[in-house]
Amino acid sequence: MTTLIARRAFLRFSVAASGGLLIGFYVPEAISQTMASESHAAGFMPNAFVRVGTDNKITVIVNHSEMGQGVYTALPMLLAEEMDVDWKNVGYEPAPVDPKYNHPVFGMQMTGGSTSVWSAFEQYRKAGAAAKAMLVAAAAQQWNVDPTSLKTQAGTVTDGSGRKLTYGALAESAAKIQPPAAVTLKDPKNFTLIGKATKRLDTGVKANGAAKFGLDVKLPGMLTAVVARAPIFGATVRSFDDSRACSMPGVRKIAQVPSGVAVIADGFWQAKMAREALRVEWDEGAMSGFSTQKLMEQFREQAKSPGKVIRKDGDPDAAIASAATKISAVYEVPYLSHAMMEPLNCTVDLRGDSCEIWTGTQFQTVDRANAAKTAGLPLEKVQIHTTFLGGGFGRRANPHSDFVVEAVHVAKAAGAPVKVVWTREDDMNGGYYRPAFLHAIDGGIDSTGMPVGWRSRLVGQSIMKGTPFESMMAKGYDPASVEGIDDLPYAIPNIGVEYHQVDVGVPVQWWRSVGHTHTAFAKECFVDELAGLAKKDPYQFRRGLLTKEPRHLAVLDLAAQKAGWGTPLPPGRARGIAVHSSFKSYSTQVAEVSLTNGNVRVHRIVSAVDCGQYVNPGIIAAQLEGGAIFGASAALFQEMTFESGRLQQTNFHNYPMVRMNDSPSVETHVIESSEKSGGIGEPGVPCAAPAIANAVAALTGKRIRKLPIRMSEAVERSA
């Protein structure tokens, strides 16, 4: 594969500090314009960089945040594959915030939507190929030979006669070489890294404690702050009494900021104890009477009337009305917290003419712009240092940059470098949850058991409304609310999807796998209910409806086979299955469960995935394992409920996760594919809840229509 690259598409210069070669790579203009038009992002977007040191070290500068999903390994693998380097000499650095590192599709520097690998697949490879071409050209000049006669392997250039030069020895002379007008990429059959399980580059520093997360940041003279935030969304400070808190040891300052009252001290514990001594009176505002129970009652009423039509194939209402047998079901999912292992935090060093920020963020461009506005500084005077993220799941991609903007306000008050730390309780109560949703679904089958009509009616909040991303609602609705149901893959002749978008004062945003978290649950549970209505095996029933969907069918068959679908299980156990596509990938999960004293135990989850051409199967396995447990935790335990405007869940004691001793075994099976790469960080989540719920139904005869699963709320199969 040969791609033309304009000479102006490269930025290259000697790196004085390392005495090496730095090559910056830009997407060819034609490709960039195509991507920009597809995503409504303007401009010519650069992508990745590589530095070749005279010590033979290859440093890949990664423009995506590392939050456990493996981009500090997968993206260097892409580049190293084309560059023919020794993997033990490859390292990484997080990119600074700069437009040259913008996402080629979204037009800003960010990490999310399971896009990091597929969006960079060719860009990083081309950067590696370009670097290799320049190093080969430098060797050819030195030996006075034709570059095409030379070969590369493991970071060296050879001429076939025994002469050999390392990339490090060639780095400085390569910096003077004109960049190639075109690069030729490897035939995939010659890959030595891509597609192979390869040791992660960040494992060592995470294992020995050297990895720097946001909470690890230390600066000379740095203070630590915590903020007393409103107990109810929308509430504001009426007054506060800090007389006792101010006199406590280590307290430097107490100041009101837009989000509440900041307590600034020498250390975290001093700030936290002083905050407990504060007395704050709040104007509680309109949300003081908010109740999630009443909200879901409102959702149920709203679902009884038609919503905005998102999809209409045929006449679903007429088909259901005339069906031989019909069924209706209402599914509910609650608000959910992201519950990252590392709570939110942000360190700011604000000076008169500059602002430096250290934090784990998924939204560098947005955070930098919002921080600059808050600090009153030009954009170029603000820099963000991206640390490792102790989990993100979307929470650290906040359109309002809430935790960053707040820290800049606190830094203004502190007059010194300050780290703002959120406790676990702060993090849980701080908002921006996965929105609660309700799905009312009607369906019908004919006399042969084949579905003839399906109508989904959704009620819930938009995550786009009121954000800079509201332009994505060009069709009059939030596409993230209905993704995963608007493209229902099953061969049903009459399909309708309607949506009621409601405004609620609870701040929401994307949560790992976004809309697919609730659409997959409702969709796949209802398919099982239709199968039960037709008296057919749930797996075979799906097979019959997916004959024109080969990638769905392939993962469905693989997971069922590997799980032993149809083979006997020990007494008291049952299996459930779910298949779903999200983020350009296709996945199926089979869950094996039992029930003890009314509590569901998940023993095994078998996952099959088709994510197109992949980079590192070890990372895929890790992501699917984590996604399955993440989804199972939500299915079994998690909900955020409000009474009188106040959140009832504050920490892991009443918002639990699947713990190690209860964790299921998770098996991963990856389909070999030459299709374009899809995402992998999020597709492991959507199938977990419906697979578990369907297994519970198979075991007990009772349908699960509300999460988290409580057997007391299960519905008899005949309902």
# chains A, B, ... in the order shown; residues from 1 in each chain; ligands from 1

call {"tool": "select_by_dssp", "arguments": {"residues": "segment 221-432 of chain A", "states": "strand (DSSP E)", "output": "number ranges by chain"}}
result
A: 223-229, 236-241, 251-257, 260-265, 279-283, 308-313, 325-333, 345-350, 355-359, 382-386, 418-421

call {"tool": "closest_atom_pairs", "arguments": {"of": "segment 404-482 of chain A", "to": "segment 363-369 of chain A", "cutoff": "10 Å", "atoms": "only C-alpha atoms", "output": "JSON lines"}}
result
{"residue": "A:Val404", "atom": "CA", "partner": "A:Asp367", "partner_atom": "CA", "distance": 6.6}
{"residue": "A:Val405", "atom": "CA", "partner": "A:Asp367", "partner_atom": "CA", "distance": 7.8}
{"residue": "A:Pro468", "atom": "CA", "partner": "A:Val366", "partner_atom": "CA", "distance": 9.4}

call {"tool": "select_by_dssp", "arguments": {"residues": "segment 247-494 of chain A", "states": "alpha helix (DSSP H)", "output": "ChimeraX atom specification"}}
result
/A:268-277,292-302,316-321,364-375,402-414,424-429,479-482

call {"tool": "atom_distance", "arguments": {"atom1": "atom CA of Gly107 of chain A", "atom2": "atom CA of Gly394 of chain A"}}
result
17.9 Å

call {"tool": "residues_around", "arguments": {"residues": "Lys465 of chain A", "least_positions_apart": "6", "cutoff": "9 Å", "atoms": "only C-alpha atoms", "output": "list in words"}}
result
Ser471, Met473 and Asp478 of chain A

call {"tool": "write_last_selection", "arguments": {"atoms": "N, CA and C atoms", "output": "PDB file, in the first residue's frame"}}
result
ATOM      1  N   SER A 471     -24.417  20.423  18.828  1.00  0.00           N
ATOM      2  CA  SER A 471     -24.538  20.436  17.365  1.00  0.00           C
ATOM      3  C   SER A 471     -24.716  19.031  16.797  1.00  0.00           C
ATOM      4  N   MET A 473     -26.856  17.080  17.691  1.00  0.00           N
ATOM      5  CA  MET A 473     -28.293  16.804  17.726  1.00  0.00           C
ATOM      6  C   MET A 473     -28.996  17.468  16.541  1.00  0.00           C
ATOM      7  N   ASP A 478     -30.860  13.486  20.571  1.00  0.00           N
ATOM      8  CA  ASP A 478     -29.500  13.094  20.947  1.00  0.00           C
ATOM      9  C   ASP A 478     -29.241  11.681  20.421  1.00  0.00           C
TER      10      ASP A 478
END

call {"tool": "residues_around", "arguments": {"residues": "Arg457 of chain A", "least_positions_apart": "2", "cutoff": "6 Å", "atoms": "only C-alpha atoms", "output": "PyMOL selection string"}}
result
chain A and resi 439-440+497-499

call {"tool": "atom_distance", "arguments": {"atom1": "atom CA of Val52 of chain A", "atom2": "atom CA of Glu66 of chain A"}}
result
22.0 Å

call {"tool": "closest_residue", "arguments": {"among": "A:Val418, A:Leu336, A:Leu530, A:Val696", "to": "Pro507 of chain A", "atoms": "only C-alpha atoms"}}
result
A:Leu336

call {"tool": "closest_atom_pairs", "arguments": {"of": "segment 283-359 of chain A", "to": "segment 373-382 of chain A", "cutoff": "9 Å", "atoms": "only C-alpha atoms", "output": "CSV"}}
result
residue,atom,partner,partner_atom,distance
A:Leu350,CA,A:Ala375,CA,7.8
A:Gly352,CA,A:Leu377,CA,8.7
A:Asp353,CA,A:Lys381,CA,6.9
A:Ser354,CA,A:Lys381,CA,4.9
A:Cys355,CA,A:Val382,CA,4.8
A:Glu356,CA,A:Val382,CA,5.9
A:Ile357,CA,A:Val382,CA,7.8

call {"tool": "closest_residue", "arguments": {"among": "A:Glu675, A:Asp98, A:Asp557, A:Asp427", "to": "Ile384 of chain A", "atoms": "only C-alpha atoms"}}
result
A:Asp98

call {"tool": "closest_residue", "arguments": {"among": "A:Thr156, A:Glu524, A:Tyr92, A:Leu201", "to": "Asn56 of chain A", "atoms": "only C-alpha atoms"}}
result
A:Thr156
